[in-house]
$ cat my_file-v3.cif   # mmCIF, C-alpha atoms and all ligand atoms
data_protein
loop_
_atom_site.label_atom_id
_atom_site.label_comp_id
_atom_site.auth_asym_id
_atom_site.auth_seq_id
_atom_site.Cartn_x
_atom_site.Cartn_y
_atom_site.Cartn_z
CA MET A 18 44.40 5.02 -27.38
CA LYS A 19 46.26 7.72 -25.52
CA THR A 20 44.33 10.94 -25.03
CA VAL A 21 46.55 14.02 -24.80
CA PRO A 22 45.75 15.83 -21.53
CA ALA A 23 45.19 19.58 -21.94
CA TYR A 24 43.49 20.09 -18.58
CA TYR A 25 46.56 21.54 -16.86
CA GLU A 26 46.88 24.29 -19.46
CA PHE A 27 43.25 25.00 -20.27
CA ALA A 28 40.79 26.52 -17.83
CA GLY A 29 38.55 28.80 -19.88
CA THR A 30 34.96 29.22 -20.96
CA ASP A 31 35.70 29.07 -24.72
CA SER A 32 34.89 25.89 -26.55
CA PHE A 33 37.85 23.66 -27.23
CA PRO A 34 38.13 21.73 -30.54
CA VAL A 35 38.95 18.02 -30.41
CA ASN A 36 38.32 14.86 -32.39
CA ILE A 37 36.12 12.05 -31.16
CA LEU A 38 38.06 8.90 -31.95
CA GLU A 39 35.62 6.30 -30.72
CA LEU A 40 32.24 5.71 -29.02
CA ARG A 41 31.79 2.52 -27.02
CA SER A 42 29.47 0.98 -24.47
CA GLU A 43 30.57 1.33 -20.85
CA GLY A 44 28.11 -0.50 -18.61
CA ASP A 45 24.71 1.04 -19.33
CA LYS A 46 26.36 4.29 -20.49
CA THR A 47 28.42 5.36 -23.49
CA ALA A 48 32.12 6.26 -23.29
CA LEU A 49 33.84 8.65 -25.68
CA ILE A 50 37.54 8.46 -26.46
CA LEU A 51 38.97 11.80 -27.59
CA ASP A 52 42.33 12.69 -29.16
CA LYS A 53 42.81 15.31 -26.40
CA THR A 54 40.79 16.56 -23.47
CA ILE A 55 40.36 19.57 -21.20
CA PHE A 56 38.43 17.54 -18.63
CA TYR A 57 40.37 16.48 -15.53
CA PRO A 58 39.54 12.79 -15.02
CA GLY A 59 39.64 12.92 -11.21
CA GLY A 60 42.39 11.68 -8.93
CA GLY A 61 44.54 12.80 -6.02
CA GLY A 62 41.34 13.42 -4.04
CA GLN A 63 39.98 15.88 -6.61
CA PRO A 64 36.69 15.00 -8.36
CA ALA A 65 36.49 14.83 -12.15
CA ASP A 66 35.46 17.86 -14.19
CA ARG A 67 32.05 18.36 -15.73
CA GLY A 68 31.07 19.99 -19.01
CA SER A 69 29.76 19.02 -22.42
CA VAL A 70 30.77 17.55 -25.78
CA ASN A 71 28.87 19.23 -28.66
CA GLY A 72 26.25 20.22 -26.07
CA VAL A 73 25.87 16.67 -24.70
CA PRO A 74 26.40 16.78 -20.93
CA LEU A 75 29.21 14.74 -19.42
CA LEU A 76 28.19 12.44 -16.55
CA ASP A 77 31.74 11.60 -15.56
CA VAL A 78 35.34 11.51 -16.73
CA LEU A 79 37.57 8.72 -15.56
CA GLU A 80 40.82 6.96 -16.24
CA LYS A 81 40.59 3.25 -16.94
CA ASP A 82 43.38 0.97 -18.17
CA GLY A 83 45.43 3.99 -19.26
CA GLU A 84 42.56 5.57 -21.23
CA ILE A 85 40.48 8.63 -20.39
CA LEU A 86 36.78 7.79 -20.74
CA HIS A 87 34.22 10.59 -21.15
CA ILE A 88 30.94 9.13 -19.95
CA ILE A 89 27.58 10.22 -21.39
CA GLU A 90 24.03 8.81 -21.30
CA SER A 91 23.65 5.99 -23.81
CA GLY A 92 20.66 7.79 -25.33
CA ASP A 93 22.92 10.77 -26.11
CA GLY A 94 25.36 8.58 -28.05
CA GLY A 95 23.29 9.00 -31.22
CA ARG A 96 23.92 12.77 -31.15
CA LEU A 97 27.67 12.25 -31.47
CA ALA A 98 29.87 10.55 -34.05
CA PRO A 99 33.63 10.11 -34.60
CA GLY A 100 35.12 13.31 -35.98
CA PRO A 101 35.48 16.96 -34.92
CA ALA A 102 33.69 18.08 -31.74
CA GLU A 103 33.68 21.03 -29.32
CA LEU A 104 34.31 20.65 -25.58
CA VAL A 105 32.97 23.15 -23.06
CA LEU A 106 34.27 23.07 -19.50
CA ASP A 107 32.13 23.79 -16.42
CA LEU A 108 34.64 26.42 -15.37
CA LYS A 109 32.87 27.48 -12.16
CA ARG A 110 33.10 23.96 -10.79
CA ARG A 111 36.70 23.49 -11.98
CA ARG A 112 37.74 26.79 -10.40
CA ASP A 113 36.02 25.86 -7.14
CA PHE A 114 37.76 22.49 -6.87
CA THR A 115 41.10 24.03 -7.89
CA VAL A 116 40.68 26.50 -5.01
CA GLN A 117 39.69 23.75 -2.54
CA HIS A 118 42.57 21.55 -3.70
CA THR A 119 45.26 24.23 -3.42
CA ALA A 120 43.83 25.19 -0.01
CA GLN A 121 44.13 21.55 1.05
CA HIS A 122 47.85 21.50 0.17
CA LEU A 123 48.35 24.68 2.16
CA LEU A 124 46.38 23.44 5.19
CA SER A 125 48.04 19.98 5.26
CA GLY A 126 51.50 21.52 4.90
CA THR A 127 50.78 24.09 7.63
CA ILE A 128 49.42 21.51 10.10
CA LEU A 129 52.54 19.40 9.44
CA ARG A 130 54.86 22.33 10.14
CA LEU A 131 52.99 23.42 13.26
CA THR A 132 52.22 20.04 14.85
CA GLY A 133 54.51 17.53 13.10
CA LYS A 134 51.42 15.51 12.09
CA HIS A 135 50.96 14.20 8.54
CA THR A 136 47.81 14.24 6.43
CA VAL A 137 47.06 10.60 5.61
CA SER A 138 44.09 11.07 3.28
CA MET A 139 41.87 13.82 1.95
CA HIS A 140 38.50 14.26 0.33
CA LEU A 141 37.21 17.23 -1.64
CA GLY A 142 33.43 17.30 -1.50
CA GLU A 143 30.78 19.32 -3.31
CA GLU A 144 30.08 21.26 -0.10
CA THR A 145 32.87 20.61 2.41
CA ASN A 146 36.31 19.00 2.36
CA THR A 147 38.15 16.86 4.87
CA ILE A 148 41.72 15.84 5.66
CA ASP A 149 42.55 12.95 7.98
CA VAL A 150 45.55 13.89 10.12
CA ASP A 151 47.59 11.19 11.81
CA ALA A 152 47.01 12.49 15.36
CA PRO A 153 44.56 11.14 17.95
CA GLN A 154 43.48 14.73 18.57
CA ILE A 155 44.37 18.29 17.67
CA ASP A 156 43.44 20.95 20.19
CA PRO A 157 41.30 23.91 19.07
CA GLU A 158 44.15 26.37 19.71
CA SER A 159 46.44 24.52 17.26
CA LEU A 160 43.68 24.51 14.64
CA ALA A 161 43.10 28.24 15.11
CA ARG A 162 46.87 28.81 14.78
CA ALA A 163 46.89 26.71 11.58
CA GLU A 164 43.98 28.74 10.22
CA ASP A 165 45.77 32.03 10.99
CA THR A 166 49.03 30.80 9.46
CA VAL A 167 47.20 29.69 6.31
CA MET A 168 45.62 33.15 6.07
CA ASP A 169 49.08 34.75 6.39
CA ILE A 170 50.31 32.66 3.45
CA ILE A 171 47.17 33.50 1.44
CA GLU A 172 47.66 37.23 2.07
CA THR A 173 51.38 37.03 1.18
CA ASP A 174 50.26 35.60 -2.18
CA VAL A 175 53.00 32.99 -2.44
CA PRO A 176 53.62 31.36 -5.87
CA VAL A 177 52.52 27.76 -6.40
CA ILE A 178 55.09 26.09 -8.62
CA ILE A 179 54.69 22.86 -10.61
CA HIS A 180 57.85 20.77 -11.07
CA LEU A 181 57.89 17.96 -13.59
CA CYS A 182 60.52 15.68 -12.18
CA PRO A 183 62.01 12.41 -13.48
CA PRO A 184 61.55 9.73 -10.78
CA GLU A 185 65.33 9.35 -10.36
CA ASN A 186 65.64 12.97 -9.20
CA ILE A 187 62.65 12.93 -6.86
CA ALA A 188 64.91 12.82 -3.78
CA ASP A 189 65.85 16.44 -4.58
CA PHE A 190 62.49 17.52 -3.12
CA PRO A 191 61.58 17.42 0.59
CA LEU A 192 58.24 15.76 -0.22
CA ARG A 193 55.40 15.74 2.33
CA LYS A 194 54.16 12.37 1.04
CA THR A 195 55.43 9.40 -0.94
CA PRO A 196 55.34 9.90 -4.73
CA PRO A 197 53.44 7.43 -6.96
CA GLN A 198 55.53 4.60 -8.39
CA GLY A 199 55.95 3.76 -12.09
CA GLU A 200 55.34 7.29 -13.42
CA GLU A 201 57.48 8.60 -16.30
CA VAL A 202 57.37 12.05 -14.76
CA VAL A 203 56.35 12.98 -11.21
CA ARG A 204 54.39 16.24 -10.79
CA VAL A 205 55.56 18.01 -7.66
CA VAL A 206 53.42 20.90 -6.41
CA GLU A 207 55.41 23.43 -4.40
CA ILE A 208 53.94 26.21 -2.31
CA GLN A 209 57.08 28.26 -2.62
CA GLY A 210 59.56 27.33 0.03
CA SER A 211 57.09 25.76 2.44
CA ASP A 212 55.38 22.67 1.03
CA PHE A 213 56.29 20.07 -1.57
CA SER A 214 53.78 17.41 -2.52
CA PRO A 215 53.50 15.02 -5.48
CA CYS A 216 50.06 15.60 -7.01
CA CYS A 217 48.20 15.14 -10.30
CA GLY A 218 45.32 17.55 -9.59
CA THR A 219 44.71 21.10 -10.75
CA HIS A 220 46.14 23.97 -8.69
CA LEU A 221 46.11 27.76 -8.53
CA GLU A 222 49.15 29.80 -9.57
CA THR A 223 49.43 31.66 -6.28
CA THR A 224 48.04 31.19 -2.77
CA GLY A 225 46.32 34.60 -2.86
CA ARG A 226 43.70 33.20 -5.22
CA ILE A 227 42.46 30.88 -2.47
CA GLY A 228 40.97 34.04 -0.94
CA MET A 229 40.16 32.54 2.44
CA LEU A 230 40.20 29.25 4.29
CA ARG A 231 37.96 28.30 7.19
CA ILE A 232 38.32 25.21 9.39
CA LEU A 233 34.79 24.04 10.20
CA GLY A 234 35.61 21.45 12.84
CA ALA A 235 37.63 18.42 13.90
CA GLU A 236 36.44 15.00 15.03
CA LYS A 237 38.00 11.67 15.96
CA TYR A 238 38.12 9.25 13.04
CA LYS A 239 39.73 5.77 13.13
CA GLY A 240 42.38 6.86 15.64
CA MET A 241 43.10 10.00 13.61
CA THR A 242 41.63 13.50 13.48
CA ARG A 243 39.31 14.39 10.60
CA VAL A 244 39.52 18.12 9.97
CA SER A 245 36.80 19.64 7.79
CA PHE A 246 37.34 22.91 5.95
CA ILE A 247 36.15 25.14 3.12
CA ALA A 248 37.95 27.70 1.01
CA GLY A 249 37.33 30.50 -1.49
CA ARG A 250 33.73 31.49 -2.26
CA ARG A 251 32.44 28.66 -0.12
CA VAL A 252 33.58 30.69 2.91
CA LEU A 253 31.54 33.66 1.65
CA GLN A 254 28.48 31.47 1.11
CA ASP A 255 28.90 29.91 4.56
CA SER A 256 29.30 33.35 6.12
CA ARG A 257 26.09 34.58 4.45
CA VAL A 258 24.10 31.63 5.80
CA THR A 259 25.61 31.99 9.28
CA ARG A 260 24.96 35.75 9.28
CA GLN A 261 21.35 35.27 8.10
CA ASN A 262 20.74 32.73 10.85
CA GLY A 263 22.38 35.05 13.39
CA GLU A 264 20.18 37.96 12.29
CA THR A 265 17.02 35.85 12.43
CA VAL A 266 17.82 34.83 16.01
CA SER A 267 18.92 38.39 16.84
CA ARG A 268 15.57 39.86 15.70
CA ALA A 269 13.55 37.13 17.42
CA LEU A 270 15.36 37.47 20.75
CA LYS A 271 16.00 41.22 20.46
CA VAL A 272 19.72 40.94 21.22
CA PRO A 273 22.78 41.92 19.10
CA VAL A 274 24.05 39.16 16.73
CA ALA A 275 27.21 38.79 18.84
CA GLU A 276 25.11 37.87 21.87
CA THR A 277 22.74 35.38 20.21
CA GLY A 278 24.62 32.30 21.47
CA LYS A 279 24.29 33.36 25.10
CA ALA A 280 20.65 34.38 24.57
CA VAL A 281 19.71 31.02 22.99
CA LEU A 282 21.28 29.11 25.89
CA ALA A 283 19.33 31.26 28.37
CA LEU A 284 16.15 30.60 26.38
CA ILE A 285 16.74 26.85 26.42
CA GLU A 286 17.31 26.98 30.19
CA LYS A 287 14.02 28.87 30.59
CA ALA A 288 12.18 26.37 28.34
CA ASN A 289 13.53 23.49 30.43
CA GLN A 290 12.24 25.15 33.59
CA PHE A 291 8.81 25.67 32.00
CA GLU A 292 8.76 22.06 30.88
CA LYS A 293 9.54 20.95 34.42
CA GLN A 294 6.78 23.16 35.80
CA VAL A 295 4.27 21.88 33.23
CA LYS A 296 5.16 18.32 34.18
CA GLU A 297 4.64 19.08 37.86
CA LEU A 298 1.27 20.73 37.11
CA GLU A 299 0.25 17.75 34.99
CA GLU A 300 1.17 15.41 37.84
CA THR A 301 -0.84 17.53 40.32
CA ALA A 302 -3.82 17.64 37.96
CA ALA A 303 -3.57 13.89 37.37
CA HIS A 304 -3.51 13.30 41.12
CA GLY A 305 -6.73 15.35 41.58
CA LYS A 306 -8.41 13.71 38.60
CA ALA A 307 -7.40 10.23 39.77
CA LYS A 308 -8.71 10.92 43.27
CA ASN A 309 -12.10 12.04 41.86
CA LEU A 310 -12.31 9.02 39.60
CA LEU A 311 -11.56 6.65 42.49
CA HIS A 312 -14.15 8.35 44.70
CA LYS A 313 -16.80 8.18 41.99
CA ALA A 314 -16.05 4.52 41.42
CA LYS A 315 -16.28 4.07 45.21
CA ILE A 316 -12.74 2.79 45.37
CA LEU A 317 -11.75 5.47 47.87
CA LYS A 318 -14.50 5.60 50.47
CA SER A 319 -14.24 9.22 51.61
CA ARG A 320 -12.54 12.44 50.58
CA GLY A 321 -10.88 12.63 54.00
CA ARG A 322 -7.14 12.31 54.28
CA ASP A 323 -7.51 9.74 57.08
CA ALA A 324 -9.62 7.40 54.98
CA GLU A 325 -7.06 7.49 52.18
CA ASN A 326 -4.17 6.85 54.48
CA LYS A 327 -6.05 4.11 56.22
CA GLU A 328 -6.63 2.31 52.96
CA GLN A 329 -3.00 2.76 51.92
CA ASN A 330 -1.57 1.67 55.25
CA SER A 331 -3.83 -1.25 55.86
CA ALA A 332 -2.11 -4.60 55.93
CA ALA A 333 -2.06 -6.31 52.53
CA PRO A 334 -5.27 -8.33 52.25
CA GLU A 335 -5.13 -11.95 51.24
CA LYS A 336 -7.35 -11.16 48.30
CA LEU A 337 -6.81 -8.03 46.20
CA ARG A 338 -9.86 -6.13 44.99
CA VAL A 339 -9.96 -5.53 41.25
CA PHE A 340 -11.49 -2.35 39.81
CA SER A 341 -11.91 -1.57 36.16
CA ILE A 342 -12.36 2.08 35.24
CA ASN A 343 -13.57 3.32 31.87
CA TYR A 344 -11.31 6.28 31.10
CA PRO A 345 -11.98 7.41 27.52
CA ALA A 346 -8.51 8.85 26.93
CA SER A 347 -7.58 9.76 23.38
CA GLU A 348 -3.86 9.40 24.12
CA MET A 349 -2.22 6.57 25.97
CA GLU A 350 0.13 9.00 27.76
CA ASP A 351 -2.92 10.61 29.43
CA LEU A 352 -4.27 7.24 30.54
CA LEU A 353 -0.89 6.21 31.93
CA ARG A 354 -0.50 9.48 33.84
CA ILE A 355 -3.91 8.98 35.51
CA GLY A 356 -3.12 5.35 36.23
CA ARG A 357 0.22 6.16 37.85
CA ALA A 358 -1.40 8.85 40.02
CA ALA A 359 -4.25 6.50 41.04
CA GLN A 360 -1.78 3.74 41.89
CA LYS A 361 -0.35 5.92 44.66
CA LEU A 362 -3.80 6.24 46.26
CA THR A 363 -4.78 2.60 46.71
CA PRO A 364 -3.13 -0.81 46.82
CA THR A 365 -5.98 -2.42 44.87
CA VAL A 366 -5.67 -3.63 41.27
CA LEU A 367 -6.74 -0.79 38.95
CA VAL A 368 -7.49 -1.53 35.30
CA PHE A 369 -7.88 1.69 33.31
CA PHE A 370 -9.26 1.11 29.82
CA SER A 371 -10.05 3.37 26.90
CA PRO A 372 -12.70 2.12 24.45
CA PHE A 373 -11.40 4.72 21.94
CA LEU A 374 -7.86 3.42 21.93
CA PHE A 375 -8.84 -0.28 22.43
CA LYS A 376 -6.09 -0.19 25.08
CA PHE A 377 -5.84 -0.79 28.80
CA ALA A 378 -3.21 -0.32 31.49
CA ALA A 379 -3.34 -2.07 34.85
CA PHE A 380 -1.58 -0.95 38.03
CA CYS A 381 -1.10 -2.45 41.47
CA SER A 382 0.98 -1.01 44.28
CA ALA A 383 0.34 -3.86 46.77
CA GLU A 384 3.64 -5.40 47.85
CA ASN A 385 4.48 -8.83 46.43
CA ALA A 386 1.41 -8.81 44.18
CA ASP A 387 1.72 -10.08 40.62
CA ILE A 388 -1.09 -8.96 38.31
CA ARG A 389 0.12 -10.88 35.25
CA PRO A 390 -1.73 -14.18 35.96
CA LEU A 391 -4.95 -12.17 36.41
CA LEU A 392 -4.64 -10.40 33.06
CA LYS A 393 -2.51 -12.29 30.54
CA ASP A 394 -4.70 -15.32 29.75
CA ARG A 395 -7.93 -13.29 29.78
CA MET A 396 -6.39 -10.73 27.44
CA GLU A 397 -5.07 -13.34 25.00
CA ALA A 398 -8.38 -15.24 25.05
CA ARG A 399 -9.99 -12.09 23.51
CA GLY A 400 -7.25 -11.62 20.92
CA GLY A 401 -5.41 -8.94 22.90
CA ARG A 402 -1.64 -8.37 22.83
CA GLY A 403 0.53 -6.89 25.52
CA GLY A 404 2.61 -7.55 28.60
CA GLY A 405 4.25 -5.99 31.60
CA SER A 406 5.67 -6.51 35.05
CA ALA A 407 4.20 -7.70 38.37
CA SER A 408 2.84 -4.21 39.15
CA PHE A 409 2.19 -2.74 35.69
CA PHE A 410 0.61 -4.36 32.64
CA GLN A 411 -0.75 -2.97 29.38
CA GLY A 412 -2.51 -4.41 26.38
CA LEU A 413 -4.15 -3.65 23.06
CA PHE A 414 -7.25 -5.14 21.36
CA ASP A 415 -8.62 -5.00 17.84
CA SER A 416 -12.01 -3.52 18.75
CA ALA A 417 -13.98 -1.77 21.51
CA GLU A 418 -16.10 -4.88 21.82
CA ASP A 419 -13.05 -7.09 22.52
CA ILE A 420 -11.74 -4.79 25.21
CA GLU A 421 -15.18 -4.52 26.85
CA THR A 422 -15.53 -8.33 26.87
CA PHE A 423 -12.09 -8.56 28.42
CA VAL A 424 -12.95 -6.05 31.15
CA ALA A 425 -16.25 -7.85 31.86
CA SER A 426 -14.30 -11.10 32.33
CA LEU A 427 -12.21 -9.67 35.19
CA PRO A 428 -13.14 -10.99 38.68
CA GLU A 429 -13.90 -8.58 41.54
CA GLU A 430 -11.15 -10.09 43.59
CA ALA A 431 -7.87 -11.75 42.81
CA ASP A 432 -5.30 -13.68 44.75
CA SER A 433 -2.74 -11.31 46.15
CA LEU A 434 0.18 -13.32 44.73
ZN ZN B 1 47.17 18.68 -5.37
#
$ encode --input "my_file-v3.cif" --output "structure tokens"
Amino acid sequence: MKTVPAYYEFAGTDSFPVNILELRSEGDKTALILDKTIFYPGGGGQPADRGSVNGVPLLDVLEKDGEILHIIESGDGGRLAPGPAELVLDLKRRRDFTVQHTAQHLLSGTILRLTGKHTVSMHLGEETNTIDVDAPQIDPESLARAEDTVMDIIETDVPVIIHLCPPENIADFPLRKTPPQGEEVVRVVEIQGSDFSPCCGTHLETTGRIGMLRILGAEKYKGMTRVSFIAGRRVLQDSRVTRQNGETVSRALKVPVAETGKAVLALIEKANQFEKQVKELEETAAHGKAKNLLHKAKILKSRGRDAENKEQNSAAPEKLRVFSINYPASEMEDLLRIGRAAQKLTPTVLVFFSPFLFKFAAFCSAENADIRPLLKDRMEARGGRGGGSASFFQGLFDSAEDIETFVASLPEEADSL
């Protein structure tokens, strides 16, 4: 049954009387067929309207096989019956999408005039909108020029005219895109004198009602450029959020809002320097700690520089000594830092283990040594899991007992290869 569309003429908050002709199942929902409707069923990139039928909220409105279906929850079907009903439109949402949609026509038409590039597809979202422009890239200056030109046309308050044109006369219009085929009448939306586009959506009567348009950004998308934008009150909302953020940063950094960008970059630079310094201090501390540990475990014989160097420079022994060191770290990163520092002090095999973490890490800086044969089988025999390279190996056990048994199984010396 053909529903008479009244959505182009009606955009008010009053209730609108109609007749429900039929209720039917549509998937797990219920669809209503009305004699006429004020709800735009979606199309041309514009989402469907929302609202209610006798107070029952609409989930969706869509066109299917030439009918307009008004979708409600199945459970709500019992509250409605064929006969007279009142429709109420969610006017705020309709107005918002009408603004975004008209702004999209204006932006696409302006980009075409300024750059010669066509809009291939568009999407109007609940928060932001996008157009895909058939250009591998659009430079920021061109986008800023498009934004300024759009604002000029908004301020001039140019009429938006709807032409209902028989398909045979469609060539009379310099259309920006191909009209749909098989229509009895083609709706052509004209932004007076500058843009002609076939479109079935809802539009404002003049460009002034768009209020403002803001391009949010442009990114590469499938060989094209996806330009995102907002219009109308969304620009106000966006500006409020941006201003609030700017003021928060301004108060925190004690600089004017206009200088917050520069101040944040300087702060990040400073934080990076601090981070670098902290890392260096950690490395120095780890070196000292590792040296103490090795002395206590009698791995380094004396605190003298000569003794250390002697041990480091001595020719690689045929057998490598193996030392296990109980280092009760609560974080693996700490254990690894100590291990890496200790590795620089001696060419022996060092096995640092933490009974708290049930983990160990082994290090060996002797040239050509491979510590894997020493560790892998012993680890797996106690249910441990892990792996590594010739000079670094780490593993994990299920209990403190397992890791202690593993450590006890290590020989005092190992083959150097
Ligand atoms: Zn349109």
$ residues_near_ligand --input "my_file-v3.cif" --ligand "ligand ZN 1 (chain B)" --cutoff "9 Å" --atoms "all atoms listed in the file" --output "ChimeraX atom specification"
/A:61-63,115,118-119,121-122,205-206,214-220
$ atom_distance --input "my_file-v3.cif" --atom1 "CA of Arg260 (chain A)" --atom2 "CA of Ala280 (chain A)"
15.9 Å
$ residues_around --input "my_file-v3.cif" --residues "Glu43 (chain A)" --least-positions-apart "2" --cutoff "10 Å" --atoms "all atoms listed in the file" --output "MDAnalysis selection string"
chainID A and resid 40:41 45:49 86:91
$ closest_residue --input "my_file-v3.cif" --among "A:Pro345, A:Pro58, A:Gly234, A:Pro184" --to "Phe375 (chain A)" --atoms "all atoms listed in the file"
A:Pro345
$ closest_residue --input "my_file-v3.cif" --among "A:Leu374, A:Leu51, A:Ile128, A:Ala269" --to "Asp149 (chain A)" --atoms "all atoms listed in the file"
A:Ile128
$ atom_distance --input "my_file-v3.cif" --atom1 "CA of Thr145 (chain A)" --atom2 "CA of Leu160 (chain A)"
16.8 Å
$ residues_near_point --input "my_file-v3.cif" --point "(30.4, 18.8, -21.3)" --cutoff "9 Å" --atoms "all atoms listed in the file" --output "ChimeraX atom specification"
/A:56,66-76,103-107
$ residues_around --input "my_file-v3.cif" --residues "Asp415 (chain A)" --least-positions-apart "6" --cutoff "12 Å" --atoms "all atoms listed in the file" --output "NGL selection string"
:A and (372-376 or 396-397 or 399-402 or 421-423)
$ write_last_selection --input "my_file-v3.cif" --atoms "C-alpha atoms" --output "mmCIF file, in the coordinates of the input"
data_model
loop_
_atom_site.group_PDB
_atom_site.id
_atom_site.type_symbol
_atom_site.label_atom_id
_atom_site.label_comp_id
_atom_site.auth_asym_id
_atom_site.auth_seq_id
_atom_site.Cartn_x
_atom_site.Cartn_y
_atom_site.Cartn_z
ATOM 1 C CA PRO A 372 -12.700 2.120 24.450
ATOM 2 C CA PHE A 373 -11.400 4.720 21.940
ATOM 3 C CA LEU A 374 -7.860 3.420 21.930
ATOM 4 C CA PHE A 375 -8.840 -0.280 22.430
ATOM 5 C CA LYS A 376 -6.090 -0.190 25.080
ATOM 6 C CA MET A 396 -6.390 -10.730 27.440
ATOM 7 C CA GLU A 397 -5.070 -13.340 25.000
ATOM 8 C CA ARG A 399 -9.990 -12.090 23.510
ATOM 9 C CA GLY A 400 -7.250 -11.620 20.920
ATOM 10 C CA GLY A 401 -5.410 -8.940 22.900
ATOM 11 C CA ARG A 402 -1.640 -8.370 22.830
ATOM 12 C CA GLU A 421 -15.180 -4.520 26.850
ATOM 13 C CA THR A 422 -15.530 -8.330 26.870
ATOM 14 C CA PHE A 423 -12.090 -8.560 28.420
#
$ residues_around --input "my_file-v3.cif" --residues "Asp255 (chain A)" --least-positions-apart "4" --cutoff "12 Å" --atoms "all atoms listed in the file" --output "number ranges by chain"
A: 144-145, 229-233, 246-251, 259-262
$ write_last_selection --input "my_file-v3.cif" --atoms "C-alpha atoms" --output "compact mmCIF listing (two decimals), in the frame of the given file"
# COMPACT_ATOMS: atom_id res chain seq x y z
CA GLU A 144 30.08 21.26 -0.10
CA THR A 145 32.87 20.61 2.41
CA MET A 229 40.16 32.54 2.44
CA LEU A 230 40.20 29.25 4.29
CA ARG A 231 37.96 28.30 7.19
CA ILE A 232 38.32 25.21 9.39
CA LEU A 233 34.79 24.04 10.20
CA PHE A 246 37.34 22.91 5.95
CA ILE A 247 36.15 25.14 3.12
CA ALA A 248 37.95 27.70 1.01
CA GLY A 249 37.33 30.50 -1.49
CA ARG A 250 33.73 31.49 -2.26
CA ARG A 251 32.44 28.66 -0.12
CA THR A 259 25.61 31.99 9.28
CA ARG A 260 24.96 35.75 9.28
CA GLN A 261 21.35 35.27 8.10
CA ASN A 262 20.74 32.73 10.85
$ closest_residue --input "my_file-v3.cif" --among "A:Asp93, A:Asp387, A:Glu26, A:Glu300" --to "Gly356 (chain A)" --atoms "only C-alpha atoms"
A:Glu300
$ closest_residue --input "my_file-v3.cif" --among "A:Ala359, A:Leu97, A:Ala398, A:Ala23" --to "Ala378 (chain A)" --atoms "only C-alpha atoms"
A:Ala359
$ closest_residue --input "my_file-v3.cif" --among "A:Glu200, A:Asp351, A:Ile342, A:Arg110" --to "Phe370 (chain A)" --atoms "all atoms listed in the file"
A:Ile342
$ atom_distance --input "my_file-v3.cif" --atom1 "CA of Cys182 (chain A)" --atom2 "CA of Val202 (chain A)"
5.5 Å
$ closest_residue --input "my_file-v3.cif" --among "A:Val339, A:Thr277, A:Arg204, A:Ala358" --to "Glu299 (chain A)" --atoms "all atoms listed in the file"
A:Ala358
$ residues_around --input "my_file-v3.cif" --residues "Ala28 (chain A)" --least-positions-apart "2" --cutoff "9 Å" --atoms "all atoms listed in the file" --output "compact mmCIF listing (two decimals) with C-alpha atoms, in the frame of the given file"
# COMPACT_ATOMS: atom_id res chain seq x y z
CA TYR A 24 43.49 20.09 -18.58
CA TYR A 25 46.56 21.54 -16.86
CA GLU A 26 46.88 24.29 -19.46
CA THR A 30 34.96 29.22 -20.96
CA ASP A 31 35.70 29.07 -24.72
CA ILE A 55 40.36 19.57 -21.20
CA LEU A 106 34.27 23.07 -19.50
CA LEU A 108 34.64 26.42 -15.37
CA ARG A 111 36.70 23.49 -11.98
CA ARG A 112 37.74 26.79 -10.40
$ residues_around --input "my_file-v3.cif" --residues "Val281 (chain A)" --least-positions-apart "3" --cutoff "12 Å" --atoms "all atoms listed in the file" --output "list in words"
Gly263, Thr265, Val266, Ser267, Ala269, Leu270, Lys271, Val272, Pro273, Val274, Ala275, Glu276, Thr277, Gly278, Leu284, Ile285, Glu286, Lys287 and Ala288 of chain A
